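Asks: My structure file entry.cif, mmCIF, C-alpha atoms, is below:
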```cif
data_final
#
loop_
_atom_site.label_atom_id
_atom_site.label_comp_id
_atom_site.auth_asym_id
_atom_site.auth_seq_id
_atom_site.Cartn_x
_atom_site.Cartn_y
_atom_site.Cartn_z
CA MET F 22 -18.82 -1.77 -5.93
CA SER F 23 -20.73 -4.47 -4.11
CA LYS F 24 -22.89 -3.97 -1.05
CA ASP F 25 -20.28 -5.52 1.29
CA VAL F 26 -17.61 -3.11 0.07
CA LYS F 27 -19.97 -0.17 0.55
CA ILE F 28 -20.66 -1.22 4.14
CA CYS F 29 -16.94 -1.55 4.87
CA LEU F 30 -16.25 1.82 3.27
CA ALA F 31 -19.00 3.44 5.35
CA VAL F 32 -17.59 1.85 8.53
CA VAL F 33 -14.11 3.15 7.75
CA ILE F 34 -15.34 6.68 7.01
CA VAL F 35 -17.46 6.84 10.19
CA LEU F 36 -14.59 5.42 12.30
CA PHE F 37 -12.16 7.91 10.82
CA VAL F 38 -14.35 10.97 11.35
CA VAL F 39 -15.30 9.99 14.91
CA SER F 40 -11.64 9.29 15.76
CA VAL F 41 -10.47 12.62 14.32
CA VAL F 42 -13.01 14.45 16.51
CA LEU F 43 -12.01 12.41 19.60
CA SER F 44 -8.31 12.94 18.88
CA ILE F 45 -8.78 16.70 18.77
CA ILE F 46 -10.54 16.57 22.14
CA ILE F 47 -7.81 14.34 23.62
CA LEU F 48 -4.89 16.40 22.37
CA ARG F 49 -6.13 19.66 23.93
CA PRO F 50 -3.70 20.81 26.61
CA THR F 51 -4.98 20.76 30.19
CA ASP F 52 -4.97 23.43 32.90
CA LYS F 53 -4.57 20.90 35.72
CA THR F 54 -1.36 20.97 37.71
CA MET F 55 -1.75 17.91 39.95
CA VAL F 56 0.20 14.95 38.65
CA GLU F 57 0.37 11.43 39.98
CA ILE F 58 3.04 8.83 39.35
CA VAL F 59 1.64 5.32 39.32
CA GLN F 60 3.58 2.09 39.27
CA ASP F 61 1.86 -1.24 38.84
CA ASN F 62 -1.47 0.38 39.88
CA HIS F 63 -0.04 1.87 43.12
CA VAL F 64 0.21 5.64 43.39
CA LEU F 65 3.83 6.40 44.32
CA TYR F 66 3.75 10.21 44.30
CA THR F 67 1.23 12.98 43.93
CA LEU F 68 2.84 16.25 42.89
CA ASP F 69 1.58 19.78 42.28
CA LEU F 70 3.58 20.95 39.27
CA GLY F 71 2.59 24.55 40.03
CA ARG F 72 4.54 24.41 43.28
CA GLU F 73 7.32 21.91 42.55
CA LYS F 74 10.89 23.17 42.22
CA ASP F 75 13.01 22.01 39.31
CA ARG F 76 14.47 18.63 40.22
CA SER F 77 15.23 15.13 38.98
CA PHE F 78 14.68 11.85 40.68
CA ARG F 79 14.85 8.19 39.84
CA ILE F 80 12.09 5.62 40.18
CA GLU F 81 13.24 2.03 40.55
CA TYR F 82 11.17 -0.87 39.35
CA PRO F 83 11.16 -3.78 41.83
CA ASP F 84 11.96 -6.33 39.10
CA GLY F 85 14.94 -4.26 37.92
CA GLY F 86 15.06 -1.13 35.83
CA TRP F 87 14.59 2.58 36.45
CA ASN F 88 13.14 5.77 35.03
CA GLU F 89 14.72 9.16 35.56
CA ILE F 90 11.99 11.76 36.05
CA THR F 91 12.61 15.49 35.67
CA ILE F 92 10.45 18.41 36.71
CA LYS F 93 11.38 21.66 35.02
CA ASP F 94 9.46 24.92 34.73
CA GLY F 95 6.29 23.25 35.98
CA GLN F 96 6.48 20.47 33.40
CA ILE F 97 7.19 16.82 34.07
CA SER F 98 8.92 14.37 31.78
CA VAL F 99 10.90 11.14 31.81
CA THR F 100 14.40 12.12 30.75
CA ASP F 101 16.10 8.73 30.87
CA ALA F 102 15.27 5.07 31.37
CA ASP F 103 16.97 1.73 30.95
CA CYS F 104 14.14 0.13 29.00
CA PRO F 105 14.88 -0.92 25.42
CA ASP F 106 12.27 1.15 23.61
CA LYS F 107 12.52 4.43 25.56
CA THR F 108 8.97 5.34 24.55
CA CYS F 109 8.48 7.15 27.86
CA VAL F 110 11.46 9.39 27.09
CA LYS F 111 10.29 10.06 23.55
CA THR F 112 6.83 11.04 24.82
CA GLY F 113 8.40 14.24 26.15
CA VAL F 114 6.67 16.48 28.68
CA LEU F 115 3.23 15.61 30.01
CA ARG F 116 0.73 17.89 28.26
CA SER F 117 -2.58 16.19 27.76
CA GLU F 118 -5.02 15.07 30.40
CA THR F 119 -5.86 11.89 28.52
CA ILE F 120 -2.45 10.80 27.25
CA PRO F 121 -0.22 9.81 30.15
CA ILE F 122 3.50 9.18 29.97
CA VAL F 123 3.68 5.41 29.97
CA CYS F 124 6.59 3.04 30.40
CA LEU F 125 5.20 -0.37 29.56
CA PRO F 126 8.23 -2.46 30.60
CA HIS F 127 8.27 -0.84 34.06
CA LYS F 128 4.47 -0.49 34.34
CA LEU F 129 4.91 3.20 35.12
CA ILE F 130 2.27 5.83 34.39
CA ILE F 131 2.56 9.56 34.92
CA ARG F 132 -0.73 11.41 34.51
CA PHE F 133 -2.74 14.43 35.58
CA CYS F 134 -5.19 13.88 38.41
CA ASP F 135 -7.83 15.83 40.33
CA ASP F 136 -6.95 18.28 43.07
CA GLY F 137 -8.81 16.24 45.69
CA GLY F 138 -5.99 14.22 47.26
CA SER F 139 -3.37 16.96 47.45
CA GLN F 140 -0.56 16.37 49.92
CA MET D 61 3.95 -28.51 2.09
CA LYS D 62 5.78 -28.39 -1.20
CA ALA D 63 9.36 -27.14 -1.21
CA LYS D 64 8.49 -24.40 -3.67
CA LYS D 65 5.67 -23.08 -1.50
CA LEU D 66 7.89 -23.27 1.56
CA ALA D 67 10.60 -21.28 -0.19
CA GLU D 68 8.06 -18.67 -1.30
CA LEU D 69 6.71 -18.24 2.22
CA ALA D 70 10.21 -18.11 3.69
CA MET D 71 11.21 -15.44 1.20
CA LEU D 72 8.14 -13.34 1.99
CA THR D 73 8.90 -13.65 5.70
CA ALA D 74 12.48 -12.53 5.07
CA VAL D 75 11.27 -9.53 3.03
CA ALA D 76 8.79 -8.59 5.77
CA LEU D 77 11.56 -8.85 8.39
CA ILE D 78 13.90 -6.65 6.38
CA ILE D 79 11.19 -4.02 5.94
CA PHE D 80 10.41 -4.26 9.66
CA ILE D 81 14.05 -3.76 10.70
CA VAL D 82 14.62 -0.92 8.24
CA GLU D 83 11.50 0.79 9.53
CA LEU D 84 12.84 0.56 13.10
CA GLN D 85 15.66 2.88 12.08
CA PHE D 86 13.23 5.65 11.10
CA PRO D 87 12.85 8.31 13.77
CA ASN D 88 9.45 8.36 15.45
CA LEU D 89 7.06 10.74 13.74
CA THR D 90 5.07 11.36 16.91
CA PRO D 91 5.73 10.72 20.59
CA ILE D 92 2.52 8.69 20.83
CA GLN D 93 3.08 5.05 21.57
CA GLY D 94 1.93 2.67 18.87
CA VAL D 95 1.97 5.12 15.97
CA LYS D 96 3.99 3.71 13.11
CA LEU D 97 3.71 3.08 9.42
CA GLY D 98 3.79 -0.69 9.74
CA LEU D 99 5.39 -1.15 6.34
CA ALA D 100 5.94 -4.85 7.06
CA ASN D 101 2.18 -5.23 6.83
CA ILE D 102 2.45 -4.73 3.07
CA ILE D 103 3.65 -8.34 3.05
CA THR D 104 0.84 -9.46 5.36
CA VAL D 105 -1.85 -7.88 3.21
CA TYR D 106 -0.21 -9.23 0.07
CA ALA D 107 -0.06 -12.73 1.54
CA VAL D 108 -3.68 -12.60 2.75
CA TYR D 109 -4.83 -12.16 -0.83
CA LYS D 110 -2.41 -14.62 -2.35
CA TYR D 111 -2.11 -17.54 0.07
CA THR D 112 -4.32 -19.65 2.30
CA ALA D 113 -5.12 -18.71 5.89
CA LYS D 114 -2.68 -21.27 7.30
CA GLU D 115 0.19 -20.04 5.13
CA VAL D 116 -0.36 -16.37 6.02
CA PHE D 117 -0.56 -17.35 9.68
CA LEU D 118 2.87 -19.00 9.42
CA ILE D 119 4.40 -15.92 7.78
CA VAL D 120 2.97 -13.52 10.36
CA VAL D 121 3.87 -15.59 13.44
CA THR D 122 7.44 -16.11 12.22
CA ARG D 123 7.79 -12.43 11.37
CA VAL D 124 6.54 -11.26 14.77
CA ILE D 125 8.74 -13.65 16.77
CA LEU D 126 11.89 -13.05 14.71
CA GLY D 127 11.17 -9.32 14.53
CA ALA D 128 10.98 -9.16 18.32
CA LEU D 129 14.26 -11.09 18.64
CA PHE D 130 16.13 -9.02 16.06
CA SER D 131 14.96 -5.69 17.40
CA SER D 132 15.66 -6.63 21.06
CA HIS D 133 12.11 -5.58 21.88
CA ILE D 134 11.21 -9.00 23.26
CA SER D 135 9.22 -7.46 26.10
CA VAL D 136 6.71 -6.05 23.65
CA ILE D 137 6.13 -9.33 21.80
CA LEU D 138 2.74 -9.78 23.51
CA TYR D 139 1.58 -6.47 22.09
CA SER D 140 2.80 -7.15 18.58
CA MET D 141 1.37 -10.66 18.68
CA ALA D 142 -2.04 -9.46 19.90
CA GLY D 143 -2.11 -6.77 17.23
CA ALA D 144 -0.91 -9.03 14.45
CA MET D 145 -3.39 -11.80 15.31
CA THR D 146 -6.49 -9.56 15.48
CA CYS D 147 -5.40 -7.89 12.26
CA LEU D 148 -4.84 -11.21 10.53
CA ALA D 149 -8.11 -12.78 11.69
CA GLY D 150 -10.03 -9.69 10.61
CA MET D 151 -8.41 -9.47 7.20
CA LEU D 152 -8.88 -13.18 6.47
CA LEU D 153 -12.62 -12.73 7.11
CA LEU D 154 -12.81 -9.45 5.20
CA LYS D 155 -11.06 -11.01 2.22
CA ARG D 156 -14.27 -12.91 1.47
CA ALA D 157 -16.31 -9.71 1.30
CA ILE D 158 -13.79 -7.35 -0.26
CA PRO D 159 -12.49 -8.09 -3.77
CA LEU D 160 -8.88 -7.46 -4.78
CA LYS D 161 -9.85 -4.14 -6.37
CA TYR D 162 -10.69 -2.74 -2.91
CA LEU D 163 -7.78 -4.37 -1.10
CA TRP D 164 -6.82 -0.99 0.42
CA LEU D 165 -10.11 -1.00 2.30
CA CYS D 166 -9.29 -4.38 3.79
CA SER D 167 -5.86 -3.07 4.73
CA ILE D 168 -7.31 -0.02 6.53
CA LEU D 169 -9.65 -2.21 8.56
CA GLY D 170 -6.72 -4.54 9.26
CA ALA D 171 -4.63 -1.64 10.58
CA VAL D 172 -7.51 -0.48 12.78
CA LEU D 173 -7.90 -4.02 14.13
CA HIS D 174 -4.15 -4.21 14.74
CA ASN D 175 -4.30 -1.10 16.91
CA THR D 176 -7.41 -2.46 18.63
CA GLY D 177 -5.65 -5.70 19.51
CA GLN D 178 -2.64 -3.86 20.89
CA THR D 179 -4.76 -1.48 22.93
CA VAL D 180 -6.81 -4.33 24.42
CA MET D 181 -3.57 -6.15 25.28
CA ALA D 182 -2.17 -2.99 26.89
CA VAL D 183 -5.32 -2.56 28.98
CA ILE D 184 -5.15 -6.20 30.10
CA LEU D 185 -1.42 -6.16 30.91
CA MET D 186 -1.38 -2.81 32.67
CA ARG D 187 -4.74 -3.42 34.34
CA SER D 188 -5.56 0.19 33.60
CA VAL D 189 -7.99 1.76 31.16
CA ALA D 190 -5.57 4.70 30.91
CA ALA D 191 -3.58 2.64 28.43
CA ALA D 192 -6.46 3.06 25.96
CA ALA D 193 -6.39 6.86 26.15
CA ASN D 194 -4.75 7.39 22.81
CA TYR D 195 -6.86 4.80 21.02
CA PRO D 196 -8.71 7.36 18.83
CA ILE D 197 -5.39 8.79 17.68
CA LEU D 198 -4.19 5.29 16.84
CA ILE D 199 -7.28 4.75 14.70
CA VAL D 200 -6.67 7.95 12.75
CA THR D 201 -3.02 7.15 12.11
CA GLY D 202 -3.91 3.49 11.54
CA CYS D 203 -6.35 4.46 8.78
CA ILE D 204 -3.70 6.53 7.02
CA ALA D 205 -0.94 3.93 7.44
CA GLY D 206 -3.33 1.12 6.44
CA LEU D 207 -4.35 2.97 3.29
CA PHE D 208 -0.71 3.42 2.36
CA THR D 209 0.33 -0.20 2.96
CA GLY D 210 -2.85 -1.38 1.23
CA ILE D 211 -2.12 0.62 -1.90
CA CYS D 212 1.46 -0.71 -1.89
CA ALA D 213 0.28 -4.33 -1.62
CA GLN D 214 -2.39 -3.79 -4.26
CA THR D 215 0.17 -2.32 -6.67
CA VAL D 216 2.51 -5.27 -6.11
CA LEU D 217 -0.31 -7.79 -6.66
CA LYS D 218 -1.39 -6.04 -9.85
CA ARG D 219 2.14 -6.02 -11.28
CA ASP D 220 2.47 -9.77 -10.76
CA PRO D 221 1.53 -11.29 -14.11
CA ARG D 222 0.36 -14.50 -12.39
CA ASN D 223 -2.52 -12.54 -10.81
CA ALA D 224 -3.46 -10.65 -13.97
CA GLU D 225 -6.22 -13.05 -14.98
CA LYS D 226 -7.71 -13.20 -11.48
CA SER D 227 -8.29 -9.47 -10.94
#
```
Take the structure I supplied and represent it as structure tokens, if you would.
Replies:
Amino acid sequence: MSKDVKICLAVVIVLFVVSVVLSIIILRPTDKTMVEIVQDNHVLYTLDLGREKDRSFRIEYPDGGWNEITIKDGQISVTDADCPDKTCVKTGVLRSETIPIVCLPHKLIIRFCDDGGSQ
Amino acid sequence: MKAKKLAELAMLTAVALIIFIVELQFPNLTPIQGVKLGLANIITVYAVYKYTAKEVFLIVVTRVILGALFSSHISVILYSMAGAMTCLAGMLLLKRAIPLKYLWLCSILGAVLHNTGQTVMAVILMRSVAAAANYPILIVTGCIAGLFTGICAQTVLKRDPRNAEKS
């Protein structure tokens, strides 16, 4: 095993361990209830999941396309969309503070936010 | 370019495309965007160690463009291209330092670079750092997937009698 290989191996091991630790931190569920829905860097809605009733609504994307958003039992998720990959639907309900629900084709982000700007 | 070489490269591209399309049919293991096995990269890693930089570049570019067309995921071509190019550039450089025996190591670093390229592209396109939130998770899964594809490519290269004297 040459020196170059050893360096690469060390880099990989360090990267892996650090990422595992960070992943565990990221995947912890949050106790926040404020959620914001952002499209193309503009905040469309700010919702308090603790107070929201169960409902569904549709968000249109100006360039065509839509996402169907559902709030149920204090949890928010994208239940349908007309994008080809449907990643936002597969993401399921929003749980983690650091991983938002993202729809790349429609530039839509649903994420937890601070209580500050409650409406 | 000789006809034989052209045919070889075309065949590898076809194999990579088939693997790519078959993999699309697998259900997602996790809901996290960007997590996948990337089995088509077996061909990329294999080609990196067997062909010149220009030839591998041709294979990868063709595979990404045709893959995007066949899978009707054309909107995500920028992401796949960014990932594939960072991965390829990194692996071509690493090839000089890492011998064939440790090809899996090169593949892991390639997978990590692939995820890095995609994340950077996502941050640029969405103009939001939030797109990088699951980056650490992508590195973890990238390491595992990269190790797997690397071992596959290494096994294939070893079985090829034409490479026996080189390794």
Asks: Quick one: of F:Asp106, F:Val64, F:Phe37, F:Ala31, who's nearest to Ile197 in chain D, counting all atoms listed in the file?
Replies: F:Phe37
Asks: Write out as a Markdown table the residues of chain F that have any atom within 10 Å of an atom of chain D, one row each with the nearest atom pair and its distance in Å to one decimal, counting only C-alpha atoms, sorted by chain and then rising number.
Replies:
```
| residue | atom | partner | partner_atom | distance |
| --- | --- | --- | --- | --- |
| F:Met22 | CA | D:Tyr162 | CA | 8.7 |
| F:Ser23 | CA | D:Ile158 | CA | 8.4 |
| F:Lys24 | CA | D:Ala157 | CA | 9.0 |
| F:Asp25 | CA | D:Ala157 | CA | 5.8 |
| F:Val26 | CA | D:Ile158 | CA | 5.7 |
| F:Lys27 | CA | D:Ile158 | CA | 9.5 |
| F:Ile28 | CA | D:Ala157 | CA | 10.0 |
| F:Cys29 | CA | D:Leu165 | CA | 7.3 |
| F:Leu30 | CA | D:Leu165 | CA | 6.8 |
| F:Val32 | CA | D:Leu169 | CA | 8.9 |
| F:Val33 | CA | D:Leu169 | CA | 7.0 |
| F:Ile34 | CA | D:Cys203 | CA | 9.4 |
| F:Leu36 | CA | D:Ile199 | CA | 7.7 |
| F:Phe37 | CA | D:Val200 | CA | 5.8 |
| F:Val38 | CA | D:Val200 | CA | 8.4 |
| F:Val39 | CA | D:Pro196 | CA | 8.1 |
| F:Ser40 | CA | D:Pro196 | CA | 4.7 |
| F:Val41 | CA | D:Val200 | CA | 6.2 |
| F:Val42 | CA | D:Pro196 | CA | 8.6 |
| F:Leu43 | CA | D:Pro196 | CA | 6.1 |
| F:Ser44 | CA | D:Ile197 | CA | 5.2 |
| F:Ile45 | CA | D:Ile197 | CA | 8.7 |
| F:Ile46 | CA | D:Pro196 | CA | 10.0 |
| F:Ile47 | CA | D:Asn194 | CA | 7.6 |
| F:Leu48 | CA | D:Ile197 | CA | 9.0 |
| F:Gln60 | CA | D:Met186 | CA | 9.6 |
| F:Asp61 | CA | D:Met186 | CA | 7.1 |
| F:Asn62 | CA | D:Arg187 | CA | 7.5 |
| F:Cys104 | CA | D:His133 | CA | 9.3 |
| F:Pro105 | CA | D:His133 | CA | 6.5 |
| F:Asp106 | CA | D:His133 | CA | 7.0 |
| F:Thr108 | CA | D:Gln93 | CA | 6.6 |
| F:Cys109 | CA | D:Gln93 | CA | 8.6 |
| F:Val110 | CA | D:Pro91 | CA | 8.8 |
| F:Lys111 | CA | D:Pro91 | CA | 5.5 |
| F:Thr112 | CA | D:Pro91 | CA | 4.4 |
| F:Gly113 | CA | D:Pro91 | CA | 7.1 |
| F:Val114 | CA | D:Pro91 | CA | 10.0 |
| F:Glu118 | CA | D:Ala193 | CA | 9.3 |
| F:Thr119 | CA | D:Ala193 | CA | 5.6 |
| F:Ile120 | CA | D:Ala193 | CA | 5.7 |
| F:Pro121 | CA | D:Ala190 | CA | 7.4 |
| F:Ile122 | CA | D:Ile92 | CA | 9.2 |
| F:Val123 | CA | D:Ala191 | CA | 7.9 |
| F:Cys124 | CA | D:Gln93 | CA | 9.7 |
| F:Leu125 | CA | D:Met186 | CA | 7.7 |
| F:Pro126 | CA | D:Ser135 | CA | 6.8 |
| F:His127 | CA | D:Met186 | CA | 9.9 |
| F:Lys128 | CA | D:Met186 | CA | 6.5 |
| F:Leu129 | CA | D:Met186 | CA | 9.0 |
| F:Ile130 | CA | D:Ala190 | CA | 8.7 |
| F:Arg132 | CA | D:Ala190 | CA | 9.0 |
```
Asks: Hey, can you spit out that residue selection with C-alpha atoms as a compact mmCIF listing (two decimals), in the coordinates of the input?
Replies:
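Result saved to result-v4.txt:
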```txt
# COMPACT_ATOMS: atom_id res chain seq x y z
CA MET F 22 -18.82 -1.77 -5.93
CA SER F 23 -20.73 -4.47 -4.11
CA LYS F 24 -22.89 -3.97 -1.05
CA ASP F 25 -20.28 -5.52 1.29
CA VAL F 26 -17.61 -3.11 0.07
CA LYS F 27 -19.97 -0.17 0.55
CA ILE F 28 -20.66 -1.22 4.14
CA CYS F 29 -16.94 -1.55 4.87
CA LEU F 30 -16.25 1.82 3.27
CA VAL F 32 -17.59 1.85 8.53
CA VAL F 33 -14.11 3.15 7.75
CA ILE F 34 -15.34 6.68 7.01
CA LEU F 36 -14.59 5.42 12.30
CA PHE F 37 -12.16 7.91 10.82
CA VAL F 38 -14.35 10.97 11.35
CA VAL F 39 -15.30 9.99 14.91
CA SER F 40 -11.64 9.29 15.76
CA VAL F 41 -10.47 12.62 14.32
CA VAL F 42 -13.01 14.45 16.51
CA LEU F 43 -12.01 12.41 19.60
CA SER F 44 -8.31 12.94 18.88
CA ILE F 45 -8.78 16.70 18.77
CA ILE F 46 -10.54 16.57 22.14
CA ILE F 47 -7.81 14.34 23.62
CA LEU F 48 -4.89 16.40 22.37
CA GLN F 60 3.58 2.09 39.27
CA ASP F 61 1.86 -1.24 38.84
CA ASN F 62 -1.47 0.38 39.88
CA CYS F 104 14.14 0.13 29.00
CA PRO F 105 14.88 -0.92 25.42
CA ASP F 106 12.27 1.15 23.61
CA THR F 108 8.97 5.34 24.55
CA CYS F 109 8.48 7.15 27.86
CA VAL F 110 11.46 9.39 27.09
CA LYS F 111 10.29 10.06 23.55
CA THR F 112 6.83 11.04 24.82
CA GLY F 113 8.40 14.24 26.15
CA VAL F 114 6.67 16.48 28.68
CA GLU F 118 -5.02 15.07 30.40
CA THR F 119 -5.86 11.89 28.52
CA ILE F 120 -2.45 10.80 27.25
CA PRO F 121 -0.22 9.81 30.15
CA ILE F 122 3.50 9.18 29.97
CA VAL F 123 3.68 5.41 29.97
CA CYS F 124 6.59 3.04 30.40
CA LEU F 125 5.20 -0.37 29.56
CA PRO F 126 8.23 -2.46 30.60
CA HIS F 127 8.27 -0.84 34.06
CA LYS F 128 4.47 -0.49 34.34
CA LEU F 129 4.91 3.20 35.12
CA ILE F 130 2.27 5.83 34.39
CA ARG F 132 -0.73 11.41 34.51
```
Asks: Name the closest residue to Thr54 in chain F among the candidates F:Ile90, F:Val99, F:Ile80, F:Cys134; distances are taken between atoms, counting all atoms listed in the file.
Replies: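 Using all atoms listed in the file, Thr54 in chain F sits closest to F:Cys134.
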Asks: So which residues get picked by the PyMOL selection byres ((chain D and resi 111-116) around 10) here, written as a ChimeraX atom specification?
Replies: /D:61,65-66,69,72-73,103-110,117-122,148-149,151-153
Asks: One decimal, Å: what's the distance from CA of Leu173 in chain D over to CA of Lys218 in chain D, could you say?
Replies: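 Answer for the CA of Leu173 in chain D to CA of Lys218 in chain D separation: 24.9 Å.
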Asks: Could you tell me how far CA of Ile92 in chain F lies from CA of Ile131 in chain F, in Å and to one decimal?
Replies: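 Value for the CA of Ile92 in chain F-CA of Ile131 in chain F distance: 12.0 Å.
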Asks: Expressed in Å to a single decimal, how great is the separation between CA of Lys53 in chain F and CA of Gly95 in chain F?
Replies: 11.1 Å
Asks: I need the residue nearest Leu138 in chain D from this list: D:Gly150, D:Val180, D:Leu89, D:Gln214. Use only C-alpha atoms for the distance.
Replies: D:Val180
Asks: Under the rule that only C-alpha atoms are counted, which of D:Val216, D:Met145, D:Ile79, D:Leu129 is the nearest residue to Met181 in chain D?
Replies: D:Met145
Asks: Using all atoms listed in the file, find the one residue out of F:Thr91, F:Ser117, F:Thr51, F:Ser98 that sits nearest to Lys74 in chain F.
Replies: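 Closest to Lys74 in chain F, using all atoms listed in the file: F:Thr91.
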Asks: Return as lines of an AutoDock Vina configuration file the centre and edge lengths, in Å with one decimal, of the box along x, y and z that encloses every atom of range 73-87 of chain F in the file, padded by 8 Å per side.
Replies:
```
center_x = 11.3
center_y = 8.4
center_z = 39.2
size_x = 23.9
size_y = 45.5
size_z = 22.7
```
